[in-house]
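Scroll down for the structure; my scribbles are underneath it.
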Amino acid sequence: MPCADETVPALPRHVAVIMDGNGRWAHRQCLPRVAGHRRGAEVVREMVQSCVDLGIPYLTLFAFSTENWRRPALEVRLLMNLFRLLLRREVRKLHENGVRLCIIGDRSALERDIRQLVEEAEALTCNNKRLQLNLAVNYGGRWDIAQAACAAIAAMQAGEFALEDFSEAHIARYLSLADIAEPDLLIRTGGEERISNFLVWQLAYTEFYFCDTLWPDFDRTALEHALHSFAHRQRRFGRTGDQVLEGDCFASD
Ligand code: IPE
Ligand code: IPE
Ligand code: MG
């Protein structure tokens with residue numbers, strides 16, 4: 001049984017993005033860092049539209065990491081203000097465009113009014129099907145694995161399964177984004193080639209695309225370059241290239 005999803009290089013169904021380079025973009029224009037974040041937010045809007053146009057159904061964007069609290073307090077405050085503004089101004093447009101908004105990350109550290117806006121946005125858009133936009137805010141891959149492990153242990157203590165039956169599936173089921181396919185393509189802009197504690201578990205078999213373009217300059221053409229690169233990858237999932245070419249693979253082995 002050939003598993004076309006794994007072997008045919010086509011458009012990714014799930015694209016994840018580490019949107020990096022806002023600060024350097026602003027610095028190059030002699031502007032404050034927040035100007036880069038503002039421009040970056042506009043590029044998010046364009047990226048969402050590109051995914052809708054292209055028919056990519058899942059987009060996951062890294063907006064604020066668990067480590068980004070280490071930035072100067074003023075920058076953190078401005079980033080949170082920008083997030084608040086986007087939730088107030090953009091959600092209705094997303095809804096009208098058929099976009100479902102999901103926020104992943106530890107929201108307990110977010111300010112109460114932001115948490116409220118997040119809940120309202122998720123409730124308003126929850127039935128939309130054109131694109132699922134996952135925004136990672138106060139998100140860390142290690143936090144995600146730890147909270148999933150915690151939930152798995154609670155399920156075990158409640159008698160759902162025995163310790164000797166414990167497997168990776170018990171963690172996977174409680175991770176953020178457990179209900180959608182793992183990312184096919186990870187794009188990182190801004191020239192760094194690292195994961196920075198993004199979807200540590202979920203990226204196990206994702207194709208990586210690193211580019212020097214700073215996020216505020218990441219336009220439709222830059223996205224098309226990334227998609228073109230993805231289309232020429234051979235995804236082997238541990239098999240040989242010949243096996244993949246012969247379609248000799250089984251989804252569950
Ligand atoms: C990414 O851009 C945005 C966030 C992390 C919030 P940066 O702010 O990291 O930009 P550089 O890396 O300093 O250029
Ligand atoms: C990663 O970018 C986090 C986000 C894009 C939200 P950083 O700029 O924070 O990553 P490091 O610190 O350079 O690894
Ligand atoms: Mg950065």
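Chain labels follow the order of the structure tokens: the first chain is A, the next B, and so on; residue numbering restarts at 1 in every chain, and ligands are counted from 1 in their shown order.
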
Next item on the list: From range 108-242 of chain A, collect each residue whose DSSP state is helix (DSSP H, G or I) and return the set as a count of residues only.
Entry: 58

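Residues surrounding Val17 in chain A within 7 Å are Thr60, Leu61, Phe62, Leu186, Ile187 and Arg188 of chain A [only C-alpha atoms; sequence separation below 5 positions excluded].
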
Next item on the list: Select, from A:Leu135, A:Ala149, A:Leu245, A:Val91, the residue with the minimum atom-to-atom distance to Ala121 in chain A, counting only C-alpha atoms.
Entry: A:Val91

Margin query: I'd like the contact shell of Met80 in chain A - 9 Å cut-off, only C-alpha atoms, skipping same-chain residues fewer than 5 positions apart - returned as a PyMOL selection string.
Written below: chain A and resi 75+85+110-111+114

Item checked: Between CA of Leu117 in chain A and CA of Val137 in chain A, distance in Å (one decimal) -> 13.4 Å

Note to self: Using DSSP assignments from the backbone, pull out every residue in range 5-116 of chain A that falls under strand (DSSP E or B) and give it to me as number ranges by chain.
What the structure shows: A: 14-18, 58-65, 99-104

Residues just named, written with all heavy atoms as a short mmCIF file (atom, residue, chain, number, x, y, z; two decimals), in the first residue's frame:
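Here's the written file selection18.cif:
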```cif
data_model
loop_
_atom_site.label_atom_id
_atom_site.label_comp_id
_atom_site.auth_asym_id
_atom_site.auth_seq_id
_atom_site.Cartn_x
_atom_site.Cartn_y
_atom_site.Cartn_z
N HIS A 14 0.99 21.51 6.28
CA HIS A 14 1.19 22.25 7.53
C HIS A 14 2.56 22.95 7.47
O HIS A 14 3.59 22.28 7.38
CB HIS A 14 1.13 21.27 8.72
CG HIS A 14 1.23 21.93 10.06
ND1 HIS A 14 1.10 21.22 11.24
CD2 HIS A 14 1.44 23.23 10.44
CE1 HIS A 14 1.23 22.05 12.27
NE2 HIS A 14 1.44 23.26 11.81
N VAL A 15 2.54 24.26 7.51
CA VAL A 15 3.77 25.06 7.50
C VAL A 15 3.94 25.71 8.87
O VAL A 15 2.99 26.29 9.41
CB VAL A 15 3.70 26.16 6.41
CG1 VAL A 15 4.93 27.05 6.48
CG2 VAL A 15 3.58 25.53 5.02
N ALA A 16 5.13 25.58 9.44
CA ALA A 16 5.45 26.24 10.70
C ALA A 16 6.53 27.28 10.42
O ALA A 16 7.41 27.04 9.57
CB ALA A 16 5.93 25.22 11.73
N VAL A 17 6.48 28.40 11.11
CA VAL A 17 7.43 29.47 10.83
C VAL A 17 8.00 30.08 12.11
O VAL A 17 7.26 30.44 13.02
CB VAL A 17 6.78 30.62 10.01
CG1 VAL A 17 7.85 31.63 9.58
CG2 VAL A 17 6.04 30.10 8.79
N ILE A 18 9.33 30.15 12.16
CA ILE A 18 10.00 30.94 13.20
C ILE A 18 10.28 32.29 12.56
O ILE A 18 11.17 32.44 11.72
CB ILE A 18 11.30 30.26 13.68
CG1 ILE A 18 11.00 28.86 14.24
CG2 ILE A 18 12.01 31.13 14.72
CD1 ILE A 18 12.23 28.05 14.65
N TYR A 58 -2.94 24.47 7.24
CA TYR A 58 -2.46 24.70 8.62
C TYR A 58 -1.20 25.55 8.61
O TYR A 58 -0.23 25.24 7.90
CB TYR A 58 -2.15 23.36 9.32
CG TYR A 58 -3.34 22.44 9.37
CD1 TYR A 58 -3.44 21.35 8.50
CD2 TYR A 58 -4.37 22.66 10.28
CE1 TYR A 58 -4.54 20.52 8.52
CE2 TYR A 58 -5.48 21.83 10.31
CZ TYR A 58 -5.56 20.76 9.43
OH TYR A 58 -6.65 19.94 9.46
N LEU A 59 -1.22 26.61 9.42
CA LEU A 59 -0.07 27.50 9.52
C LEU A 59 0.20 27.75 11.01
O LEU A 59 -0.72 28.14 11.75
CB LEU A 59 -0.38 28.83 8.82
CG LEU A 59 0.66 29.95 8.95
CD1 LEU A 59 1.96 29.55 8.26
CD2 LEU A 59 0.12 31.25 8.32
N THR A 60 1.42 27.47 11.46
CA THR A 60 1.77 27.67 12.87
C THR A 60 2.91 28.68 12.97
O THR A 60 3.99 28.44 12.40
CB THR A 60 2.18 26.33 13.52
OG1 THR A 60 1.08 25.41 13.39
CG2 THR A 60 2.51 26.51 15.00
N LEU A 61 2.67 29.78 13.64
CA LEU A 61 3.64 30.88 13.71
C LEU A 61 4.17 31.05 15.12
O LEU A 61 3.38 31.12 16.08
CB LEU A 61 2.99 32.18 13.24
CG LEU A 61 2.38 32.19 11.84
CD1 LEU A 61 1.70 33.52 11.56
CD2 LEU A 61 3.47 31.94 10.78
N PHE A 62 5.50 31.16 15.25
CA PHE A 62 6.12 31.38 16.55
C PHE A 62 6.17 32.89 16.79
O PHE A 62 6.92 33.62 16.13
CB PHE A 62 7.55 30.80 16.51
CG PHE A 62 8.11 30.42 17.85
CD1 PHE A 62 7.36 30.45 19.00
CD2 PHE A 62 9.44 29.99 17.95
CE1 PHE A 62 7.89 30.07 20.24
CE2 PHE A 62 9.99 29.61 19.17
CZ PHE A 62 9.21 29.65 20.31
N ALA A 63 5.36 33.35 17.73
CA ALA A 63 5.26 34.80 17.97
C ALA A 63 6.03 35.24 19.21
O ALA A 63 6.54 36.36 19.26
CB ALA A 63 3.79 35.20 18.10
N PHE A 64 6.06 34.37 20.25
CA PHE A 64 6.72 34.78 21.50
C PHE A 64 7.09 33.50 22.24
O PHE A 64 6.23 32.67 22.54
CB PHE A 64 5.77 35.64 22.34
CG PHE A 64 6.43 36.31 23.51
CD1 PHE A 64 7.03 37.56 23.38
CD2 PHE A 64 6.47 35.69 24.76
CE1 PHE A 64 7.65 38.18 24.47
CE2 PHE A 64 7.07 36.31 25.84
CZ PHE A 64 7.67 37.55 25.70
N SER A 65 8.37 33.34 22.52
CA SER A 65 8.83 32.10 23.15
C SER A 65 8.88 32.23 24.67
O SER A 65 8.86 33.35 25.21
CB SER A 65 10.22 31.73 22.62
OG SER A 65 11.21 32.57 23.20
N VAL A 99 -10.85 31.84 8.65
CA VAL A 99 -9.66 31.38 9.37
C VAL A 99 -10.01 31.04 10.82
O VAL A 99 -10.69 31.82 11.51
CB VAL A 99 -8.56 32.46 9.36
CG1 VAL A 99 -7.33 32.01 10.15
CG2 VAL A 99 -8.17 32.82 7.93
N ARG A 100 -9.56 29.89 11.26
CA ARG A 100 -9.71 29.50 12.67
C ARG A 100 -8.43 29.89 13.41
O ARG A 100 -7.33 29.52 12.97
CB ARG A 100 -9.93 27.99 12.76
CG ARG A 100 -10.00 27.51 14.18
CD ARG A 100 -10.19 26.01 14.26
NE ARG A 100 -10.29 25.64 15.65
CZ ARG A 100 -10.36 24.38 16.07
NH1 ARG A 100 -10.36 23.39 15.19
NH2 ARG A 100 -10.42 24.12 17.35
N LEU A 101 -8.56 30.61 14.49
CA LEU A 101 -7.38 31.04 15.26
C LEU A 101 -7.26 30.20 16.52
O LEU A 101 -8.23 30.07 17.29
CB LEU A 101 -7.50 32.53 15.63
CG LEU A 101 -6.33 33.11 16.42
CD1 LEU A 101 -5.04 33.11 15.59
CD2 LEU A 101 -6.63 34.54 16.88
N CYS A 102 -6.08 29.60 16.71
CA CYS A 102 -5.81 28.84 17.93
C CYS A 102 -4.51 29.38 18.52
O CYS A 102 -3.54 29.61 17.80
CB CYS A 102 -5.59 27.35 17.62
SG CYS A 102 -6.99 26.58 16.81
N ILE A 103 -4.50 29.60 19.81
CA ILE A 103 -3.28 30.06 20.48
C ILE A 103 -2.69 28.88 21.22
O ILE A 103 -3.39 28.21 21.99
CB ILE A 103 -3.59 31.21 21.47
CG1 ILE A 103 -4.36 32.35 20.78
CG2 ILE A 103 -2.30 31.73 22.11
CD1 ILE A 103 -3.65 33.02 19.62
N ILE A 104 -1.40 28.60 20.98
CA ILE A 104 -0.75 27.53 21.74
C ILE A 104 0.32 28.16 22.63
O ILE A 104 0.92 29.18 22.28
CB ILE A 104 -0.15 26.43 20.82
CG1 ILE A 104 0.90 26.99 19.85
CG2 ILE A 104 -1.26 25.71 20.06
CD1 ILE A 104 1.72 25.91 19.16
#
```

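Checking A:His170, A:Arg233, A:Lys129, A:Arg24 one by one against ligand 2, counting only C-alpha atoms and all ligand atoms, you find the shortest gap at A:Arg24.
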
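Listed by chain and then residue number, the contacts of ligand 1 are Ile18, Met19, Asp20, Gly21, Asn22, Gly23, Arg24, Trp25, Ala26, Arg33, Gly36, His37, Gly40, Phe62, Ala63, Phe64, Ser65, Asn68, Leu79, Gly190, Leu214 and Trp215 of chain A (distance at most 8 Å, using only C-alpha atoms and all ligand atoms).
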
Based on the selection just made, write C-alpha atoms of those residues as a PDB file, in the first residue's frame.
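Once everything was written out, this is result_15.pdb:
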```pdb
ATOM      1  CA  ILE A  18      10.000  30.936  13.203  1.00  0.00           C
ATOM      2  CA  MET A  19       9.508  34.584  12.322  1.00  0.00           C
ATOM      3  CA  ASP A  20      12.927  35.990  13.111  1.00  0.00           C
ATOM      4  CA  GLY A  21      14.746  39.189  12.185  1.00  0.00           C
ATOM      5  CA  ASN A  22      12.331  41.955  13.173  1.00  0.00           C
ATOM      6  CA  GLY A  23      14.879  43.711  15.388  1.00  0.00           C
ATOM      7  CA  ARG A  24      17.643  43.647  12.778  1.00  0.00           C
ATOM      8  CA  TRP A  25      15.239  44.878  10.101  1.00  0.00           C
ATOM      9  CA  ALA A  26      14.366  47.875  12.277  1.00  0.00           C
ATOM     10  CA  ARG A  33      12.888  47.461  17.373  1.00  0.00           C
ATOM     11  CA  GLY A  36      10.229  45.783  13.088  1.00  0.00           C
ATOM     12  CA  HIS A  37       7.627  43.925  15.131  1.00  0.00           C
ATOM     13  CA  GLY A  40       6.349  41.794  11.075  1.00  0.00           C
ATOM     14  CA  PHE A  62       6.125  31.381  16.553  1.00  0.00           C
ATOM     15  CA  ALA A  63       5.264  34.797  17.970  1.00  0.00           C
ATOM     16  CA  PHE A  64       6.723  34.779  21.496  1.00  0.00           C
ATOM     17  CA  SER A  65       8.833  32.097  23.147  1.00  0.00           C
ATOM     18  CA  ASN A  68      11.521  35.921  25.132  1.00  0.00           C
ATOM     19  CA  LEU A  79       5.135  42.968  22.063  1.00  0.00           C
ATOM     20  CA  GLY A 190      16.599  35.858   9.733  1.00  0.00           C
ATOM     21  CA  LEU A 214      14.454  39.063   7.636  1.00  0.00           C
ATOM     22  CA  TRP A 215      10.840  38.367   8.594  1.00  0.00           C
TER      23      TRP A 215
END
```

Checklist line | Pick from A:Asn138, A:Gln116, A:Gln49, A:Gln243, whichever lies nearest to Leu87 in chain A using only C-alpha atoms | finding: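 Closest residue, counting only C-alpha atoms: A:Gln116.
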
Next item on the list: May I ask which of the residues A:Arg220, A:Arg71, A:Arg45, A:Arg142 is the closest one to Glu90 in chain A, counting only C-alpha atoms?
Entry: A:Arg45

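Proximity ranking of A:Leu124, A:Leu133, A:Ala162, A:Leu177 relative to Ile56 in chain A places A:Leu133 first, based on only C-alpha atoms.
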
Item checked: Surrounding residues of Val43 in chain A excluding itself and chain neighbours under 2 positions, 8 Å, only C-alpha atoms, as number ranges by chain -> A: 39-41, 45-47, 215-219

Take the residues just selected and output them with N, CA, C and O atoms as a compact mmCIF listing (two decimals), in the first residue's frame.
```
# COMPACT_ATOMS: atom_id res chain seq x y z
N ARG A 39 5.96 45.90 11.54
CA ARG A 39 6.02 45.48 10.13
C ARG A 39 5.86 43.95 10.05
O ARG A 39 5.22 43.42 9.15
N GLY A 40 6.46 43.26 11.02
CA GLY A 40 6.35 41.79 11.07
C GLY A 40 4.89 41.35 11.17
O GLY A 40 4.49 40.36 10.56
N ALA A 41 4.10 42.10 11.92
CA ALA A 41 2.68 41.76 12.06
C ALA A 41 1.96 41.91 10.72
O ALA A 41 1.05 41.13 10.39
N ARG A 45 -0.14 38.99 8.28
CA ARG A 45 -1.39 39.12 7.53
C ARG A 45 -1.21 38.62 6.09
O ARG A 45 -2.04 37.87 5.57
N GLU A 46 -0.09 39.03 5.47
CA GLU A 46 0.16 38.61 4.08
C GLU A 46 0.37 37.10 3.99
O GLU A 46 -0.07 36.44 3.05
N MET A 47 1.06 36.55 4.99
CA MET A 47 1.34 35.11 5.00
C MET A 47 0.04 34.31 5.13
O MET A 47 -0.14 33.29 4.46
N TRP A 215 12.29 38.60 8.66
CA TRP A 215 10.84 38.37 8.59
C TRP A 215 10.07 39.54 7.98
O TRP A 215 9.19 39.33 7.13
N PRO A 216 10.36 40.79 8.30
CA PRO A 216 9.58 41.88 7.70
C PRO A 216 9.73 41.97 6.18
O PRO A 216 8.93 42.65 5.52
N ASP A 217 10.73 41.30 5.63
CA ASP A 217 10.91 41.30 4.16
C ASP A 217 10.40 40.00 3.52
O ASP A 217 10.57 39.80 2.32
N PHE A 218 9.82 39.12 4.32
CA PHE A 218 9.43 37.80 3.80
C PHE A 218 8.11 37.93 3.03
O PHE A 218 7.02 37.86 3.59
N ASP A 219 8.23 38.11 1.72
CA ASP A 219 7.04 38.34 0.90
C ASP A 219 6.61 37.05 0.19
O ASP A 219 7.16 35.98 0.42
```

Item checked: Å distance separating CA of Phe198 in chain A from CA of Ala146 in chain A, one decimal place ->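 CA of Phe198 in chain A sits 13.6 Å away from CA of Ala146 in chain A.
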
Item checked: Distance in Å - CA of Arg84 in chain A versus CA of Asp113 in chain A ->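 Rounded to one decimal, the two atoms are 8.4 Å apart.
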